[in-house]
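What follows is the content of coords_15.txt, which has compact mmCIF, C-alpha atoms:
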# COMPACT_ATOMS: atom_id res chain seq x y z
CA MET A 62 0.00 0.00 0.00
CA ILE A 63 1.46 3.34 -1.02
CA SER A 64 0.26 6.68 0.31
CA ARG A 65 2.27 9.73 -0.64
CA ASP A 66 1.06 13.26 0.02
CA PRO A 67 2.40 16.58 -1.22
CA PRO A 68 4.38 18.69 1.27
CA ILE A 69 2.37 20.24 4.09
CA PRO A 70 3.43 23.14 6.35
CA ILE A 71 5.86 22.33 9.16
CA SER A 72 3.48 24.27 11.43
CA TYR A 73 0.96 21.45 10.85
CA ILE A 74 3.61 18.75 11.38
CA LYS A 75 4.39 20.27 14.82
CA GLN A 76 0.88 19.52 16.09
CA SER A 77 -0.04 16.46 13.98
CA GLY A 78 1.06 13.73 16.37
CA GLY A 79 3.63 12.39 13.90
CA ILE A 80 3.46 10.58 10.59
CA PHE A 81 2.41 7.27 12.15
CA ARG A 82 -0.52 8.70 14.09
CA ASP A 83 -1.57 11.32 11.55
CA THR A 84 -0.99 9.60 8.21
CA CYS A 85 -0.22 5.89 8.61
CA ILE A 86 -3.14 5.24 10.94
CA HIS A 87 -5.49 5.30 7.96
CA GLN A 88 -3.48 2.67 6.09
CA LEU A 89 -3.14 0.55 9.24
CA ASP A 90 -6.92 0.66 9.70
CA TYR A 91 -7.48 -0.17 6.03
CA ALA A 92 -5.10 -3.17 6.08
CA TRP A 93 -6.69 -4.53 9.25
CA HIS A 94 -10.21 -4.08 7.84
CA PHE A 95 -9.31 -5.43 4.39
CA LEU A 96 -7.69 -8.60 5.77
CA GLY A 97 -10.35 -9.10 8.45
CA GLU A 98 -7.86 -9.87 11.19
CA ARG A 99 -5.59 -8.12 13.63
CA PRO A 100 -1.86 -8.13 12.90
CA LEU A 101 0.48 -10.31 14.93
CA THR A 102 3.49 -8.03 14.53
CA VAL A 103 4.19 -4.50 13.41
CA VAL A 104 7.68 -3.32 12.40
CA ALA A 105 8.21 0.29 11.39
CA PHE A 106 11.00 2.34 9.88
CA GLY A 107 11.14 6.07 9.37
CA ASN A 108 13.56 8.58 7.99
CA THR A 109 13.86 12.21 6.98
CA THR A 110 14.93 12.39 3.36
CA SER A 111 13.44 15.64 2.08
CA GLN A 112 14.88 19.12 1.73
CA ARG A 113 12.89 20.01 4.85
CA ALA A 114 14.50 17.24 6.96
CA ASP A 115 15.63 19.68 9.67
CA GLY A 116 12.05 20.87 10.16
CA TYR A 117 10.85 17.28 10.62
CA ARG A 118 13.67 16.52 13.05
CA GLU A 119 12.76 19.61 15.11
CA CYS A 120 9.24 18.13 15.38
CA ASN A 121 10.66 14.69 16.31
CA ASP A 122 9.00 13.33 13.18
CA VAL A 123 9.92 11.73 9.85
CA ASP A 124 8.77 12.41 6.31
CA LEU A 125 9.08 8.86 4.96
CA SER A 126 7.98 5.60 6.58
CA THR A 127 7.63 1.91 5.87
CA ILE A 128 5.57 -0.42 8.06
CA ILE A 129 5.55 -4.22 7.78
CA LEU A 130 2.68 -6.13 9.37
CA THR A 131 2.28 -9.90 9.70
CA PHE A 132 -1.11 -11.55 10.18
CA PRO A 133 -2.31 -14.91 11.60
CA SER A 134 -3.37 -16.08 8.10
CA GLY A 135 0.20 -15.67 6.87
CA ALA A 136 -0.57 -12.45 5.01
CA ILE A 137 2.08 -9.73 5.04
CA ALA A 138 1.20 -6.08 4.49
CA ILE A 139 3.72 -3.40 3.57
CA ILE A 140 2.71 0.22 3.96
CA GLU A 141 4.83 3.03 2.51
CA THR A 142 4.02 6.66 3.29
CA SER A 143 5.59 9.99 2.46
CA ARG A 144 4.71 13.56 3.32
CA GLU A 145 6.99 15.02 0.65
CA ALA A 146 5.71 13.83 -2.73
CA THR A 147 6.54 16.96 -4.70
CA TYR A 148 4.60 15.61 -7.70
CA GLY A 149 1.28 15.49 -5.78
CA PHE A 150 -0.96 12.83 -4.28
CA ASP A 151 -0.12 9.18 -4.95
CA GLN A 152 -2.28 6.47 -3.36
CA ARG A 153 -2.07 2.91 -4.68
CA LEU A 154 -2.87 -0.59 -3.49
CA GLU A 155 -1.72 -3.98 -4.71
CA VAL A 156 -2.84 -7.35 -3.40
CA LEU A 157 -0.79 -10.32 -4.57
CA GLY A 158 -2.37 -13.74 -4.11
CA SER A 159 -1.46 -17.23 -5.28
CA LYS A 160 -3.73 -16.92 -8.34
CA ALA A 161 -3.90 -13.22 -9.19
CA LEU A 162 -2.75 -9.66 -8.62
CA ALA A 163 -5.39 -7.03 -7.84
CA MET A 164 -4.42 -3.39 -8.23
CA CYS A 165 -6.03 -0.08 -7.42
CA GLU A 166 -4.20 2.65 -9.30
CA ASN A 167 -4.28 6.41 -9.02
CA ILE A 168 -7.16 8.29 -10.58
CA LEU A 169 -5.61 10.87 -12.89
CA LEU A 170 -6.97 14.31 -13.74
CA SER A 171 -6.70 13.34 -17.41
CA ILE A 172 -5.34 10.50 -19.52
CA SER A 173 -3.31 12.87 -21.68
CA LYS A 174 0.47 12.48 -21.78
CA MET A 175 3.26 14.30 -23.54
CA MET A 176 6.30 12.12 -24.08
CA LEU A 177 9.50 13.97 -24.90
CA ALA A 178 13.00 12.60 -25.30
CA SER A 179 13.92 14.04 -21.91
CA GLU A 180 10.72 13.52 -19.91
CA THR A 181 7.09 12.41 -19.80
CA ILE A 182 4.53 15.00 -18.73
CA GLN A 183 1.17 13.92 -17.32
CA ASP A 184 -1.39 15.47 -14.99
CA GLY A 185 -1.18 14.20 -11.42
CA CYS A 186 -3.85 12.97 -9.05
CA PRO A 187 -6.51 15.22 -7.59
CA ASP A 188 -6.58 15.72 -3.81
CA SER A 189 -8.46 13.32 -1.54
CA PHE A 190 -11.62 15.40 -1.32
CA THR A 191 -11.90 15.50 -5.11
CA ARG A 192 -11.01 11.82 -5.55
CA PHE A 193 -13.25 10.28 -2.92
CA PRO A 194 -16.43 12.37 -2.51
CA ARG A 195 -18.73 9.33 -2.29
CA SER A 196 -16.44 7.70 0.29
CA TYR A 197 -16.81 10.67 2.63
CA VAL A 198 -20.61 10.45 2.43
CA VAL A 199 -20.57 6.69 3.13
CA GLU A 200 -18.10 7.18 5.99
CA ALA A 201 -20.23 9.94 7.53
CA ASN A 202 -23.34 7.73 7.36
CA ILE A 203 -21.53 4.81 9.01
CA PHE A 204 -20.24 7.17 11.71
CA LEU A 205 -23.79 8.37 12.39
CA ASP A 206 -25.02 4.75 12.63
CA ILE A 207 -22.28 4.00 15.14
CA VAL A 208 -23.00 7.11 17.21
CA GLN A 209 -26.71 6.24 17.23
CA ASP A 210 -25.77 2.68 18.30
CA ASN A 211 -27.21 1.10 15.14
CA ASP A 212 -23.98 -0.66 14.17
CA SER A 213 -22.62 -3.65 16.09
CA ARG A 214 -19.41 -3.98 13.99
CA THR A 215 -17.58 -1.41 16.07
CA SER A 216 -16.20 -1.62 19.56
CA LEU A 217 -13.83 0.52 21.60
CA ARG A 218 -11.13 -2.15 21.14
CA ASN A 219 -11.63 -2.18 17.37
CA GLY A 220 -11.32 1.58 17.27
CA ASN A 221 -8.24 1.68 19.47
CA THR A 222 -6.22 -0.99 17.63
CA PRO A 223 -5.17 1.19 14.68
CA MET A 224 -4.55 4.10 17.06
CA ASN A 225 -2.26 1.92 19.17
CA GLN A 226 -0.44 0.84 16.02
CA GLY A 227 -0.09 4.52 15.16
CA ARG A 228 1.87 5.07 18.39
CA ILE A 229 4.95 3.52 16.81
CA ASP A 230 7.95 5.55 17.90
CA VAL A 231 10.60 5.79 15.22
CA SER A 232 13.64 7.99 15.52
CA SER A 233 14.76 10.18 12.63
CA ASN A 234 17.86 8.07 12.07
CA GLY A 235 15.95 5.40 10.15
CA GLY A 236 15.92 2.77 12.91
CA GLY A 237 13.09 0.27 13.06
CA ARG A 238 11.16 -1.00 16.04
CA LYS A 239 9.19 -4.21 16.36
CA ALA A 240 5.96 -3.38 18.14
CA GLY A 241 4.96 -6.96 18.94
CA HIS A 242 1.30 -7.90 19.38
CA PRO A 243 -0.97 -4.86 18.94

Render the structure in this file as structure tokens.
Amino acid sequence: MISRDPPIPISYIKQSGGIFRDTCIHQLDYAWHFLGERPLTVVAFGNTTSQRADGYRECNDVDLSTIILTFPSGAIAIIETSREATYGFDQRLEVLGSKALAMCENILLSISKMMLASETIQDGCPDSFTRFPRSYVVEANIFLDIVQDNDSRTSLRNGNTPMNQGRIDVSSNGGGRKAGHP
């Protein structure tokens, strides 16, 4: 799973809770929901690789991360995130099974390309609000069902699991940490 976002202000990074809690939590939740089981192990790596690395370090945060999760079924999920995709939004998903590969690619603003000897020029992806308007409506309706106690799929433990996974503490030097059983 790849989730890369364009640069955001360091002022936001300072109060965001860090890349794992602010950005990766959504991918952790998605992987857990998609596979239908809780991970056995979580290993995370982070680093500051952008031109604004000093700003991230001052916030005790990283701009690039990779998380590896293992599941009871034997499935392995790899989540890559970046907060410094200078080319714009980039969200993709691949699922490799024993019989097929399923892919969810980026939705582009247009299918037009200009291919020159030195480069290929193509419109990027729209932002999340433009890409997923129906998803936000569905999510809001599910949230209202949960708040009104009409949905038994959700529990406090289910809600806290991705948040606990998001508490991964990774230093800016690129070291990884095995989080054990979430």

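One finds CA of Ile203 in chain A at 20.2 Å from CA of Glu98 in chain A.
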
CA of Leu154 in chain A and CA of Ser77 in chain A are how many Å apart?
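Value for the CA of Leu154 in chain A-CA of Ser77 in chain A distance: 24.6 Å.
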
What is the distance, in Å and to one decimal place, between CA of Thr142 in chain A and CA of Glu180 in chain A?
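CA of Glu180 in chain A lies 25.1 Å from CA of Thr142 in chain A.
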
Just want the 10 Å neighbourhood of Ser72 in chain A, counted on all atoms listed in the file, with same-chain residues fewer than 4 positions away dropped. Output as a ChimeraX atom specification.
/A:76-77,116,120

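Distance annotation: of A:Leu96, A:Ile139, A:Leu130, A:Val104, the residue with the minimal separation from Ile63 in chain A is A:Ile139; atom set is all atoms listed in the file.
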
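Distances to Pro67 in chain A were evaluated for A:Glu145, A:Asp124, A:Asp115, A:Asp83 using all atoms listed in the file, and the minimum falls at A:Glu145.
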